[in-house]
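Engineer: upload06.pdb is reproduced below (PDB, C-alpha atoms).
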ATOM      1  CA  MET A   1      18.104  13.835 -11.385  1.00  0.00           C
ATOM      2  CA  SER A   2      15.113  14.031  -9.052  1.00  0.00           C
ATOM      3  CA  LYS A   3      13.507  17.361  -8.184  1.00  0.00           C
ATOM      4  CA  LYS A   4      15.462  19.228  -5.520  1.00  0.00           C
ATOM      5  CA  ILE A   5      14.019  19.751  -2.046  1.00  0.00           C
ATOM      6  CA  PRO A   6      12.591  23.294  -1.875  1.00  0.00           C
ATOM      7  CA  HIS A   7      13.922  25.604   0.864  1.00  0.00           C
ATOM      8  CA  LYS A   8      10.533  25.966   2.485  1.00  0.00           C
ATOM      9  CA  LEU A   9      10.507  22.313   3.555  1.00  0.00           C
ATOM     10  CA  ILE A  10      13.696  22.672   5.593  1.00  0.00           C
ATOM     11  CA  GLN A  11      14.391  25.094   8.410  1.00  0.00           C
ATOM     12  CA  GLN A  12      17.881  25.970   7.270  1.00  0.00           C
ATOM     13  CA  ARG A  13      20.279  27.547   9.768  1.00  0.00           C
ATOM     14  CA  SER A  14      22.554  28.594   6.903  1.00  0.00           C
ATOM     15  CA  ASN A  15      23.103  27.616   3.278  1.00  0.00           C
ATOM     16  CA  CYS A  16      26.199  25.565   4.178  1.00  0.00           C
ATOM     17  CA  PRO A  17      25.660  22.121   2.638  1.00  0.00           C
ATOM     18  CA  ILE A  18      26.796  20.355   5.814  1.00  0.00           C
ATOM     19  CA  ALA A  19      24.494  22.388   8.052  1.00  0.00           C
ATOM     20  CA  THR A  20      21.659  21.832   5.560  1.00  0.00           C
ATOM     21  CA  ALA A  21      22.129  18.052   5.578  1.00  0.00           C
ATOM     22  CA  LEU A  22      22.073  18.201   9.389  1.00  0.00           C
ATOM     23  CA  ASP A  23      18.854  20.232   9.219  1.00  0.00           C
ATOM     24  CA  VAL A  24      17.390  17.168   7.481  1.00  0.00           C
ATOM     25  CA  VAL A  25      19.056  14.211   9.226  1.00  0.00           C
ATOM     26  CA  GLY A  26      20.700  15.775  12.304  1.00  0.00           C
ATOM     27  CA  ASP A  27      19.136  13.649  15.020  1.00  0.00           C
ATOM     28  CA  LYS A  28      19.586  10.191  16.530  1.00  0.00           C
ATOM     29  CA  TRP A  29      16.812   8.440  14.583  1.00  0.00           C
ATOM     30  CA  THR A  30      16.404   9.615  10.995  1.00  0.00           C
ATOM     31  CA  LEU A  31      19.468   7.893   9.578  1.00  0.00           C
ATOM     32  CA  LEU A  32      18.502   4.654  11.344  1.00  0.00           C
ATOM     33  CA  LEU A  33      15.381   4.582   9.164  1.00  0.00           C
ATOM     34  CA  ILE A  34      17.545   5.139   6.080  1.00  0.00           C
ATOM     35  CA  ARG A  35      19.651   2.197   7.338  1.00  0.00           C
ATOM     36  CA  ASP A  36      16.604  -0.027   7.919  1.00  0.00           C
ATOM     37  CA  ILE A  37      15.143   0.650   4.483  1.00  0.00           C
ATOM     38  CA  GLY A  38      18.300   0.934   2.401  1.00  0.00           C
ATOM     39  CA  LEU A  39      20.581  -1.638   3.999  1.00  0.00           C
ATOM     40  CA  LEU A  40      18.391  -3.997   6.028  1.00  0.00           C
ATOM     41  CA  ASN A  41      15.536  -4.319   3.522  1.00  0.00           C
ATOM     42  CA  LYS A  42      12.853  -3.297   6.034  1.00  0.00           C
ATOM     43  CA  HIS A  43       9.921  -1.329   4.708  1.00  0.00           C
ATOM     44  CA  ARG A  44       6.976  -1.495   7.062  1.00  0.00           C
ATOM     45  CA  ASN A  45       6.052   0.222  10.327  1.00  0.00           C
ATOM     46  CA  LYS A  46       6.206  -3.063  12.218  1.00  0.00           C
ATOM     47  CA  ASP A  47       9.750  -3.711  10.925  1.00  0.00           C
ATOM     48  CA  PHE A  48      10.946  -0.300  12.097  1.00  0.00           C
ATOM     49  CA  GLN A  49       9.418  -0.812  15.534  1.00  0.00           C
ATOM     50  CA  GLU A  50      11.257  -4.109  15.887  1.00  0.00           C
ATOM     51  CA  ALA A  51      14.710  -2.561  15.404  1.00  0.00           C
ATOM     52  CA  ARG A  52      16.965  -3.102  18.404  1.00  0.00           C
ATOM     53  CA  GLU A  53      17.277   0.592  19.162  1.00  0.00           C
ATOM     54  CA  GLY A  54      13.615   0.810  20.166  1.00  0.00           C
ATOM     55  CA  ILE A  55      12.407   3.904  18.332  1.00  0.00           C
ATOM     56  CA  PRO A  56       9.442   5.494  20.152  1.00  0.00           C
ATOM     57  CA  THR A  57       6.285   5.272  17.985  1.00  0.00           C
ATOM     58  CA  ASN A  58       5.607   9.012  18.009  1.00  0.00           C
ATOM     59  CA  ILE A  59       9.152   9.725  16.796  1.00  0.00           C
ATOM     60  CA  LEU A  60       8.846   7.000  14.156  1.00  0.00           C
ATOM     61  CA  ALA A  61       5.627   8.513  12.787  1.00  0.00           C
ATOM     62  CA  ASN A  62       7.138  12.007  12.785  1.00  0.00           C
ATOM     63  CA  ARG A  63      10.365  10.991  11.036  1.00  0.00           C
ATOM     64  CA  LEU A  64       8.596   8.936   8.355  1.00  0.00           C
ATOM     65  CA  LYS A  65       6.270  11.866   7.637  1.00  0.00           C
ATOM     66  CA  GLN A  66       9.185  14.321   7.396  1.00  0.00           C
ATOM     67  CA  LEU A  67      11.200  12.030   5.147  1.00  0.00           C
ATOM     68  CA  VAL A  68       8.247  11.585   2.786  1.00  0.00           C
ATOM     69  CA  GLU A  69       7.505  15.348   2.729  1.00  0.00           C
ATOM     70  CA  ARG A  70      11.137  16.115   1.974  1.00  0.00           C
ATOM     71  CA  GLY A  71      11.298  13.507  -0.744  1.00  0.00           C
ATOM     72  CA  LEU A  72      13.805  11.043   0.745  1.00  0.00           C
ATOM     73  CA  LEU A  73      11.145   8.321   1.074  1.00  0.00           C
ATOM     74  CA  GLU A  74       8.106   7.369  -0.946  1.00  0.00           C
ATOM     75  CA  LYS A  75       5.050   5.523   0.346  1.00  0.00           C
ATOM     76  CA  GLN A  76       3.522   2.556  -1.446  1.00  0.00           C
ATOM     77  CA  LEU A  77       0.092   1.194  -0.483  1.00  0.00           C
ATOM     78  CA  TYR A  78       0.349  -2.537   0.198  1.00  0.00           C
ATOM     79  CA  GLN A  79      -3.001  -3.142   1.897  1.00  0.00           C
ATOM     80  CA  GLU A  80      -6.267  -1.315   1.257  1.00  0.00           C
ATOM     81  CA  HIS A  81      -8.451  -2.100   4.282  1.00  0.00           C
ATOM     82  CA  PRO A  82      -7.188  -0.636   6.504  1.00  0.00           C
ATOM     83  CA  PRO A  83      -4.723   1.307   4.356  1.00  0.00           C
ATOM     84  CA  ARG A  84      -1.101   0.411   5.105  1.00  0.00           C
ATOM     85  CA  TYR A  85       2.047   1.647   3.466  1.00  0.00           C
ATOM     86  CA  GLU A  86       5.552   0.468   2.728  1.00  0.00           C
ATOM     87  CA  TYR A  87       8.384   2.981   2.626  1.00  0.00           C
ATOM     88  CA  HIS A  88      11.092   2.990  -0.030  1.00  0.00           C
ATOM     89  CA  LEU A  89      14.113   5.201  -0.648  1.00  0.00           C
ATOM     90  CA  THR A  90      13.898   7.715  -3.478  1.00  0.00           C
ATOM     91  CA  GLU A  91      16.984   8.803  -5.373  1.00  0.00           C
ATOM     92  CA  SER A  92      17.497  11.506  -2.749  1.00  0.00           C
ATOM     93  CA  GLY A  93      17.118   8.944   0.067  1.00  0.00           C
ATOM     94  CA  LYS A  94      19.631   6.631  -1.606  1.00  0.00           C
ATOM     95  CA  GLY A  95      21.963   9.618  -1.704  1.00  0.00           C
ATOM     96  CA  MET A  96      22.174   9.383   2.103  1.00  0.00           C
ATOM     97  CA  LEU A  97      23.590   5.837   2.021  1.00  0.00           C
ATOM     98  CA  PRO A  98      27.199   7.030   1.623  1.00  0.00           C
ATOM     99  CA  VAL A  99      26.702   9.097   4.805  1.00  0.00           C
ATOM    100  CA  VAL A 100      25.368   6.054   6.667  1.00  0.00           C
ATOM    101  CA  LYS A 101      28.192   3.845   5.401  1.00  0.00           C
ATOM    102  CA  ALA A 102      30.847   6.393   6.337  1.00  0.00           C
ATOM    103  CA  MET A 103      29.361   6.455   9.867  1.00  0.00           C
ATOM    104  CA  ALA A 104      29.504   2.657  10.076  1.00  0.00           C
ATOM    105  CA  LYS A 105      33.126   2.693   9.002  1.00  0.00           C
ATOM    106  CA  TRP A 106      33.985   5.339  11.598  1.00  0.00           C
ATOM    107  CA  ALA A 107      32.389   3.422  14.470  1.00  0.00           C
ATOM    108  CA  ALA A 108      33.951   0.114  13.427  1.00  0.00           C
ATOM    109  CA  HIS A 109      37.378   1.790  13.449  1.00  0.00           C
ATOM    110  CA  HIS A 110      37.051   3.965  16.499  1.00  0.00           C
ATOM    111  CA  VAL A 111      34.641   2.443  19.030  1.00  0.00           C
ATOM    112  CA  GLU A 112      35.448  -0.571  21.176  1.00  0.00           C
ATOM    113  CA  GLY A 113      33.551  -3.740  20.314  1.00  0.00           C
ATOM    114  CA  VAL A 114      31.768  -2.378  17.232  1.00  0.00           C
ATOM    115  CA  GLU A 115      32.032  -4.250  13.961  1.00  0.00           C
ATOM    116  CA  ILE A 116      30.370  -3.938  10.588  1.00  0.00           C
ATOM    117  CA  PRO A 117      27.974  -6.895  10.233  1.00  0.00           C
ATOM    118  CA  LYS A 118      28.794  -9.253   7.372  1.00  0.00           C
ATOM    119  CA  GLY A 119      26.939  -8.359   4.208  1.00  0.00           C
ATOM    120  CA  ILE A 120      26.423  -4.704   5.081  1.00  0.00           C
ATOM    121  CA  GLY A 121      29.890  -3.502   4.216  1.00  0.00           C
ATOM    122  CA  LYS A 122      29.694  -4.771   0.681  1.00  0.00           C
ATOM    123  CA  ARG A 123      26.525  -3.035  -0.431  1.00  0.00           C
TER     124      ARG A 123
ATOM    125  CA  MET B   1      45.610   3.405  15.172  1.00  0.00           C
ATOM    126  CA  SER B   2      44.483   5.517  18.106  1.00  0.00           C
ATOM    127  CA  LYS B   3      42.917   3.945  21.189  1.00  0.00           C
ATOM    128  CA  LYS B   4      39.298   2.987  20.656  1.00  0.00           C
ATOM    129  CA  ILE B   5      36.523   4.807  22.505  1.00  0.00           C
ATOM    130  CA  PRO B   6      35.439   2.656  25.473  1.00  0.00           C
ATOM    131  CA  HIS B   7      31.762   1.652  25.691  1.00  0.00           C
ATOM    132  CA  LYS B   8      31.263   3.455  28.969  1.00  0.00           C
ATOM    133  CA  LEU B   9      31.744   6.861  27.323  1.00  0.00           C
ATOM    134  CA  ILE B  10      28.864   6.346  24.904  1.00  0.00           C
ATOM    135  CA  GLN B  11      25.257   5.560  25.724  1.00  0.00           C
ATOM    136  CA  GLN B  12      24.848   2.964  23.003  1.00  0.00           C
ATOM    137  CA  ARG B  13      21.329   2.009  21.924  1.00  0.00           C
ATOM    138  CA  SER B  14      22.718  -1.087  20.182  1.00  0.00           C
ATOM    139  CA  ASN B  15      26.073  -2.260  18.895  1.00  0.00           C
ATOM    140  CA  CYS B  16      25.133  -1.448  15.293  1.00  0.00           C
ATOM    141  CA  PRO B  17      27.965   0.730  13.943  1.00  0.00           C
ATOM    142  CA  ILE B  18      25.534   3.212  12.397  1.00  0.00           C
ATOM    143  CA  ALA B  19      23.520   3.586  15.600  1.00  0.00           C
ATOM    144  CA  THR B  20      26.762   3.916  17.561  1.00  0.00           C
ATOM    145  CA  ALA B  21      28.056   6.702  15.317  1.00  0.00           C
ATOM    146  CA  LEU B  22      24.705   8.455  15.793  1.00  0.00           C
ATOM    147  CA  ASP B  23      25.064   8.026  19.561  1.00  0.00           C
ATOM    148  CA  VAL B  24      28.214  10.157  19.186  1.00  0.00           C
ATOM    149  CA  VAL B  25      27.315  12.677  16.466  1.00  0.00           C
ATOM    150  CA  GLY B  26      23.530  12.312  16.072  1.00  0.00           C
ATOM    151  CA  ASP B  27      22.492  15.891  16.670  1.00  0.00           C
ATOM    152  CA  LYS B  28      22.351  19.172  14.748  1.00  0.00           C
ATOM    153  CA  TRP B  29      25.578  20.665  16.127  1.00  0.00           C
ATOM    154  CA  THR B  30      28.369  18.168  16.717  1.00  0.00           C
ATOM    155  CA  LEU B  31      29.320  17.658  13.081  1.00  0.00           C
ATOM    156  CA  LEU B  32      29.319  21.431  12.526  1.00  0.00           C
ATOM    157  CA  LEU B  33      32.215  21.636  14.997  1.00  0.00           C
ATOM    158  CA  ILE B  34      34.008  18.867  13.100  1.00  0.00           C
ATOM    159  CA  ARG B  35      33.405  20.975   9.965  1.00  0.00           C
ATOM    160  CA  ASP B  36      34.689  24.179  11.598  1.00  0.00           C
ATOM    161  CA  ILE B  37      37.865  22.546  12.865  1.00  0.00           C
ATOM    162  CA  GLY B  38      38.593  20.095  10.063  1.00  0.00           C
ATOM    163  CA  LEU B  39      37.500  21.998   6.983  1.00  0.00           C
ATOM    164  CA  LEU B  40      37.316  25.680   7.925  1.00  0.00           C
ATOM    165  CA  ASN B  41      40.491  25.828  10.022  1.00  0.00           C
ATOM    166  CA  LYS B  42      38.750  27.268  13.087  1.00  0.00           C
ATOM    167  CA  HIS B  43      40.066  26.213  16.470  1.00  0.00           C
ATOM    168  CA  ARG B  44      38.974  28.622  19.184  1.00  0.00           C
ATOM    169  CA  ASN B  45      35.772  29.222  21.109  1.00  0.00           C
ATOM    170  CA  LYS B  46      35.349  32.653  19.560  1.00  0.00           C
ATOM    171  CA  ASP B  47      35.618  31.155  16.046  1.00  0.00           C
ATOM    172  CA  PHE B  48      32.908  28.595  16.763  1.00  0.00           C
ATOM    173  CA  GLN B  49      30.603  31.253  18.165  1.00  0.00           C
ATOM    174  CA  GLU B  50      31.004  33.308  14.997  1.00  0.00           C
ATOM    175  CA  ALA B  51      29.756  30.522  12.714  1.00  0.00           C
ATOM    176  CA  ARG B  52      26.659  31.535  10.766  1.00  0.00           C
ATOM    177  CA  GLU B  53      24.475  28.874  12.356  1.00  0.00           C
ATOM    178  CA  GLY B  54      24.645  30.616  15.745  1.00  0.00           C
ATOM    179  CA  ILE B  55      25.422  27.750  18.110  1.00  0.00           C
ATOM    180  CA  PRO B  56      24.132  28.530  21.640  1.00  0.00           C
ATOM    181  CA  THR B  57      27.074  28.881  24.065  1.00  0.00           C
ATOM    182  CA  ASN B  58      25.822  26.195  26.464  1.00  0.00           C
ATOM    183  CA  ILE B  59      25.506  23.687  23.608  1.00  0.00           C
ATOM    184  CA  LEU B  60      28.951  24.678  22.321  1.00  0.00           C
ATOM    185  CA  ALA B  61      30.551  24.057  25.728  1.00  0.00           C
ATOM    186  CA  ASN B  62      28.734  20.723  26.098  1.00  0.00           C
ATOM    187  CA  ARG B  63      29.662  19.432  22.642  1.00  0.00           C
ATOM    188  CA  LEU B  64      33.324  20.442  22.940  1.00  0.00           C
ATOM    189  CA  LYS B  65      33.540  18.667  26.302  1.00  0.00           C
ATOM    190  CA  GLN B  66      31.907  15.503  24.944  1.00  0.00           C
ATOM    191  CA  LEU B  67      34.123  15.445  21.867  1.00  0.00           C
ATOM    192  CA  VAL B  68      37.253  15.797  24.000  1.00  0.00           C
ATOM    193  CA  GLU B  69      36.082  13.094  26.455  1.00  0.00           C
ATOM    194  CA  ARG B  70      35.335  10.733  23.588  1.00  0.00           C
ATOM    195  CA  GLY B  71      38.652  11.417  21.944  1.00  0.00           C
ATOM    196  CA  LEU B  72      37.528  13.084  18.710  1.00  0.00           C
ATOM    197  CA  LEU B  73      39.104  16.411  19.737  1.00  0.00           C
ATOM    198  CA  GLU B  74      42.172  17.348  21.717  1.00  0.00           C
ATOM    199  CA  LYS B  75      42.700  20.598  23.612  1.00  0.00           C
ATOM    200  CA  GLN B  76      45.882  22.645  23.357  1.00  0.00           C
ATOM    201  CA  LEU B  77      46.604  25.486  25.762  1.00  0.00           C
ATOM    202  CA  TYR B  78      47.385  28.645  23.777  1.00  0.00           C
ATOM    203  CA  GLN B  79      47.192  31.242  26.546  1.00  0.00           C
ATOM    204  CA  GLU B  80      48.048  30.761  30.210  1.00  0.00           C
ATOM    205  CA  HIS B  81      46.429  33.707  32.026  1.00  0.00           C
ATOM    206  CA  PRO B  82      43.553  33.118  31.846  1.00  0.00           C
ATOM    207  CA  PRO B  83      43.880  29.608  30.440  1.00  0.00           C
ATOM    208  CA  ARG B  84      42.449  29.288  26.942  1.00  0.00           C
ATOM    209  CA  TYR B  85      42.416  26.312  24.645  1.00  0.00           C
ATOM    210  CA  GLU B  86      42.439  25.518  20.973  1.00  0.00           C
ATOM    211  CA  TYR B  87      40.661  22.420  19.686  1.00  0.00           C
ATOM    212  CA  HIS B  88      42.142  20.082  17.098  1.00  0.00           C
ATOM    213  CA  LEU B  89      40.896  16.874  15.482  1.00  0.00           C
ATOM    214  CA  THR B  90      42.448  13.622  16.634  1.00  0.00           C
ATOM    215  CA  GLU B  91      42.735  10.651  14.283  1.00  0.00           C
ATOM    216  CA  SER B  92      39.257   9.606  15.394  1.00  0.00           C
ATOM    217  CA  GLY B  93      37.911  13.112  14.760  1.00  0.00           C
ATOM    218  CA  LYS B  94      39.495  13.164  11.301  1.00  0.00           C
ATOM    219  CA  GLY B  95      37.687   9.871  10.703  1.00  0.00           C
ATOM    220  CA  MET B  96      34.402  11.808  10.750  1.00  0.00           C
ATOM    221  CA  LEU B  97      35.420  14.024   7.805  1.00  0.00           C
ATOM    222  CA  PRO B  98      34.179  11.496   5.202  1.00  0.00           C
ATOM    223  CA  VAL B  99      30.770  11.618   6.937  1.00  0.00           C
ATOM    224  CA  VAL B 100      30.740  15.410   6.793  1.00  0.00           C
ATOM    225  CA  LYS B 101      31.824  15.446   3.149  1.00  0.00           C
ATOM    226  CA  ALA B 102      29.194  12.870   2.169  1.00  0.00           C
ATOM    227  CA  MET B 103      26.570  15.108   3.817  1.00  0.00           C
ATOM    228  CA  ALA B 104      27.812  18.133   1.884  1.00  0.00           C
ATOM    229  CA  LYS B 105      27.617  16.191  -1.351  1.00  0.00           C
ATOM    230  CA  TRP B 106      24.071  15.038  -0.579  1.00  0.00           C
ATOM    231  CA  ALA B 107      22.822  18.562   0.154  1.00  0.00           C
ATOM    232  CA  ALA B 108      24.516  20.044  -2.909  1.00  0.00           C
ATOM    233  CA  HIS B 109      22.792  17.429  -5.083  1.00  0.00           C
ATOM    234  CA  HIS B 110      19.386  17.325  -3.464  1.00  0.00           C
ATOM    235  CA  VAL B 111      18.529  20.669  -1.865  1.00  0.00           C
ATOM    236  CA  GLU B 112      17.570  23.765  -3.826  1.00  0.00           C
ATOM    237  CA  GLY B 113      20.139  26.547  -3.791  1.00  0.00           C
ATOM    238  CA  VAL B 114      22.833  24.678  -1.866  1.00  0.00           C
ATOM    239  CA  GLU B 115      26.314  24.472  -3.302  1.00  0.00           C
ATOM    240  CA  ILE B 116      29.634  23.230  -2.030  1.00  0.00           C
ATOM    241  CA  PRO B 117      31.810  26.338  -1.457  1.00  0.00           C
ATOM    242  CA  LYS B 118      34.917  26.525  -3.595  1.00  0.00           C
ATOM    243  CA  GLY B 119      37.918  25.028  -1.888  1.00  0.00           C
ATOM    244  CA  ILE B 120      35.982  22.744   0.450  1.00  0.00           C
ATOM    245  CA  GLY B 121      35.165  20.087  -2.101  1.00  0.00           C
ATOM    246  CA  LYS B 122      38.818  19.444  -2.877  1.00  0.00           C
ATOM    247  CA  ARG B 123      40.050  18.714   0.623  1.00  0.00           C
TER     248      ARG B 123
END
Spit out the file's structure as structure tokens when you get a sec.
Structural biologist:
Amino acid sequence: MSKKIPHKLIQQRSNCPIATALDVVGDKWTLLLIRDIGLLNKHRNKDFQEAREGIPTNILANRLKQLVERGLLEKQLYQEHPPRYEYHLTESGKGMLPVVKAMAKWAAHHVEGVEIPKGIGKR
Amino acid sequence: MSKKIPHKLIQQRSNCPIATALDVVGDKWTLLLIRDIGLLNKHRNKDFQEAREGIPTNILANRLKQLVERGLLEKQLYQEHPPRYEYHLTESGKGMLPVVKAMAKWAAHHVEGVEIPKGIGKR
């Protein structure tokens, strides 16, 4: 069991677990980074910027910082000059994969023309 | 199987199922309404306004309208003068409950002081 996220790092609207999860990942972009890292094996800034959804760079930087601070991601130095980092899921970050997969399943069932790409569904 | 949501009702950033689900519920409030209706047995405007998170009334009205348009909720008239409606989950709306439950599980495991209230976990 990894250390739990302390209250002070999340602006909680209530102590409801659903509301709390949404205080962490309740926006259009954060869970796409969890997808990129956990399901699509992308780990570097350049990879995230290349995703089809076109995440704005300022939002990307903000979300990566938040996810590291809150312990869902960890940074690993892969180049020293200039310093560059890869991002990997922690145990807490991996804990979001069932959320992401449940979303994929919903959209594949309920939105026209959406399918789960081969390979993703099985992980 | 209910009718699928047509593309034109969602501003899709890509046809990835995860991104598409986030185009529908990727904000801090929408899934709280799914929680209220599907898990807490709340169905009326007044009930939603009383939730501890304090949803602003303009956001509440907007999210209810979007969820009805996109077929996750259906309205039922419960009073004629003046007309007032209750909101219920459709099949598509019920399809979001696994997402909500996975979020609850994540927060209960990974955030300090958060627990799944008795009764909710079993549904």
Engineer: Within 10 Å of (0.6, 3.9, 14.4), all atoms listed in the file: residues as a PyMOL selection string?
Structural biologist: chain A and resi 45-46+57-58+60-61
Engineer: Just need chain B moved onto chain A: least-squares over all Cα atoms matched in order, then output as a compact mmCIF listing (two decimals) with C-alpha atoms, in the coordinates of the input.
Structural biologist:
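Below is the file result.txt, written as the result:
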# COMPACT_ATOMS: atom_id res chain seq x y z
CA MET B 1 18.12 13.82 -11.30
CA SER B 2 15.10 14.02 -9.03
CA LYS B 3 13.50 17.35 -8.14
CA LYS B 4 15.45 19.24 -5.50
CA ILE B 5 14.00 19.77 -2.03
CA PRO B 6 12.58 23.32 -1.86
CA HIS B 7 13.91 25.63 0.88
CA LYS B 8 10.52 25.99 2.49
CA LEU B 9 10.49 22.34 3.57
CA ILE B 10 13.68 22.68 5.60
CA GLN B 11 14.39 25.08 8.43
CA GLN B 12 17.88 25.96 7.27
CA ARG B 13 20.27 27.55 9.77
CA SER B 14 22.55 28.60 6.90
CA ASN B 15 23.09 27.60 3.29
CA CYS B 16 26.20 25.58 4.16
CA PRO B 17 25.66 22.13 2.63
CA ILE B 18 26.80 20.36 5.80
CA ALA B 19 24.49 22.40 8.03
CA THR B 20 21.66 21.84 5.56
CA ALA B 21 22.13 18.07 5.57
CA LEU B 22 22.08 18.21 9.38
CA ASP B 23 18.86 20.24 9.21
CA VAL B 24 17.39 17.17 7.47
CA VAL B 25 19.06 14.22 9.22
CA GLY B 26 20.71 15.77 12.30
CA ASP B 27 19.14 13.65 14.99
CA LYS B 28 19.59 10.20 16.52
CA TRP B 29 16.82 8.45 14.57
CA THR B 30 16.40 9.62 10.99
CA LEU B 31 19.47 7.89 9.57
CA LEU B 32 18.50 4.66 11.35
CA LEU B 33 15.38 4.58 9.16
CA ILE B 34 17.54 5.14 6.09
CA ARG B 35 19.64 2.20 7.34
CA ASP B 36 16.59 -0.02 7.93
CA ILE B 37 15.14 0.65 4.49
CA GLY B 38 18.30 0.94 2.41
CA LEU B 39 20.58 -1.62 3.99
CA LEU B 40 18.40 -3.99 6.02
CA ASN B 41 15.54 -4.31 3.53
CA LYS B 42 12.85 -3.29 6.03
CA HIS B 43 9.91 -1.33 4.69
CA ARG B 44 6.96 -1.48 7.07
CA ASN B 45 6.04 0.21 10.32
CA LYS B 46 6.20 -3.07 12.21
CA ASP B 47 9.75 -3.70 10.92
CA PHE B 48 10.95 -0.30 12.10
CA GLN B 49 9.42 -0.82 15.53
CA GLU B 50 11.26 -4.12 15.88
CA ALA B 51 14.70 -2.56 15.40
CA ARG B 52 16.96 -3.10 18.40
CA GLU B 53 17.28 0.60 19.16
CA GLY B 54 13.61 0.81 20.17
CA ILE B 55 12.41 3.91 18.33
CA PRO B 56 9.44 5.50 20.16
CA THR B 57 6.29 5.26 18.00
CA ASN B 58 5.62 9.02 18.01
CA ILE B 59 9.17 9.73 16.80
CA LEU B 60 8.84 7.00 14.16
CA ALA B 61 5.63 8.52 12.79
CA ASN B 62 7.15 12.02 12.79
CA ARG B 63 10.37 11.00 11.03
CA LEU B 64 8.59 8.94 8.37
CA LYS B 65 6.28 11.88 7.63
CA GLN B 66 9.18 14.33 7.39
CA LEU B 67 11.20 12.03 5.15
CA VAL B 68 8.24 11.59 2.80
CA GLU B 69 7.51 15.35 2.74
CA ARG B 70 11.14 16.10 1.97
CA GLY B 71 11.29 13.49 -0.73
CA LEU B 72 13.80 11.05 0.75
CA LEU B 73 11.14 8.32 1.09
CA GLU B 74 8.11 7.37 -0.94
CA LYS B 75 5.05 5.53 0.35
CA GLN B 76 3.50 2.57 -1.45
CA LEU B 77 0.09 1.23 -0.47
CA TYR B 78 0.36 -2.52 0.19
CA GLN B 79 -2.99 -3.14 1.88
CA GLU B 80 -6.25 -1.32 1.25
CA HIS B 81 -8.47 -2.13 4.25
CA PRO B 82 -7.20 -0.64 6.45
CA PRO B 83 -4.72 1.30 4.33
CA ARG B 84 -1.11 0.41 5.09
CA TYR B 85 2.04 1.65 3.47
CA GLU B 86 5.53 0.49 2.72
CA TYR B 87 8.39 2.98 2.64
CA HIS B 88 11.09 2.99 -0.02
CA LEU B 89 14.11 5.21 -0.65
CA THR B 90 13.88 7.72 -3.47
CA GLU B 91 16.98 8.81 -5.38
CA SER B 92 17.49 11.51 -2.75
CA GLY B 93 17.11 8.96 0.06
CA LYS B 94 19.61 6.64 -1.62
CA GLY B 95 21.96 9.63 -1.70
CA MET B 96 22.18 9.40 2.10
CA LEU B 97 23.58 5.84 2.01
CA PRO B 98 27.20 7.04 1.62
CA VAL B 99 26.69 9.10 4.81
CA VAL B 100 25.37 6.06 6.66
CA LYS B 101 28.19 3.85 5.39
CA ALA B 102 30.84 6.41 6.34
CA MET B 103 29.36 6.47 9.86
CA ALA B 104 29.49 2.68 10.06
CA LYS B 105 33.11 2.71 8.99
CA TRP B 106 33.98 5.36 11.59
CA ALA B 107 32.37 3.42 14.45
CA ALA B 108 33.94 0.12 13.41
CA HIS B 109 37.37 1.79 13.44
CA HIS B 110 37.05 3.97 16.50
CA VAL B 111 34.64 2.45 19.02
CA GLU B 112 35.45 -0.57 21.17
CA GLY B 113 33.55 -3.72 20.28
CA VAL B 114 31.77 -2.36 17.22
CA GLU B 115 32.02 -4.24 13.95
CA ILE B 116 30.37 -3.93 10.58
CA PRO B 117 28.00 -6.93 10.25
CA LYS B 118 28.83 -9.31 7.44
CA GLY B 119 27.00 -8.46 4.26
CA ILE B 120 26.44 -4.79 5.06
CA GLY B 121 29.94 -3.62 4.24
CA LYS B 122 29.73 -4.90 0.68
CA ARG B 123 26.59 -3.11 -0.41
Engineer: Can you work out which residues from chain A touch chain B at a cut-off of 6 Å (counting all atoms listed in the file) and hand them back as a PyMOL selection string?
Structural biologist: chain A and resi 4-6+13-15+17-18+21-22+26-28+53+95+99+102-104+106-107+110-112+114
Engineer: Work out how far CA of Gln66 (chain B) is from CA of Tyr87 (chain B), in Å to one decimal.
Structural biologist: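 Spanning CA of Tyr87 (chain B) to CA of Gln66 (chain B) is a straight-line distance of 12.3 Å.
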Engineer: Looking at B:His81, B:Lys118, B:Lys75, B:Glu86, which one is nearest to His43 (chain B), with distances taken over all atoms listed in the file?
Structural biologist: B:Glu86
Engineer: Assuming the input is short of atoms at region 94-100 of chain A, produce N, CA and C atoms for that part as a PDB file, in the frame of the given file.
Structural biologist:
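The file below, selection16.pdb, is the result:
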ATOM      1  N   LYS A  94      18.453   7.465  -1.321  1.00  0.00           N
ATOM      2  CA  LYS A  94      19.631   6.631  -1.606  1.00  0.00           C
ATOM      3  C   LYS A  94      20.914   7.444  -1.502  1.00  0.00           C
ATOM      4  N   GLY A  95      20.803   8.734  -1.806  1.00  0.00           N
ATOM      5  CA  GLY A  95      21.963   9.618  -1.704  1.00  0.00           C
ATOM      6  C   GLY A  95      22.502   9.744  -0.285  1.00  0.00           C
ATOM      7  N   MET A  96      21.702   9.358   0.709  1.00  0.00           N
ATOM      8  CA  MET A  96      22.174   9.383   2.103  1.00  0.00           C
ATOM      9  C   MET A  96      22.953   8.116   2.475  1.00  0.00           C
ATOM     10  N   LEU A  97      22.904   7.083   1.647  1.00  0.00           N
ATOM     11  CA  LEU A  97      23.590   5.837   2.021  1.00  0.00           C
ATOM     12  C   LEU A  97      25.104   6.010   2.192  1.00  0.00           C
ATOM     13  N   PRO A  98      25.764   6.821   1.368  1.00  0.00           N
ATOM     14  CA  PRO A  98      27.199   7.030   1.623  1.00  0.00           C
ATOM     15  C   PRO A  98      27.472   7.660   2.995  1.00  0.00           C
ATOM     16  N   VAL A  99      26.555   8.505   3.471  1.00  0.00           N
ATOM     17  CA  VAL A  99      26.702   9.097   4.805  1.00  0.00           C
ATOM     18  C   VAL A  99      26.625   7.995   5.858  1.00  0.00           C
ATOM     19  N   VAL A 100      25.599   7.145   5.725  1.00  0.00           N
ATOM     20  CA  VAL A 100      25.368   6.054   6.667  1.00  0.00           C
ATOM     21  C   VAL A 100      26.559   5.083   6.672  1.00  0.00           C
TER      22      VAL A 100
END
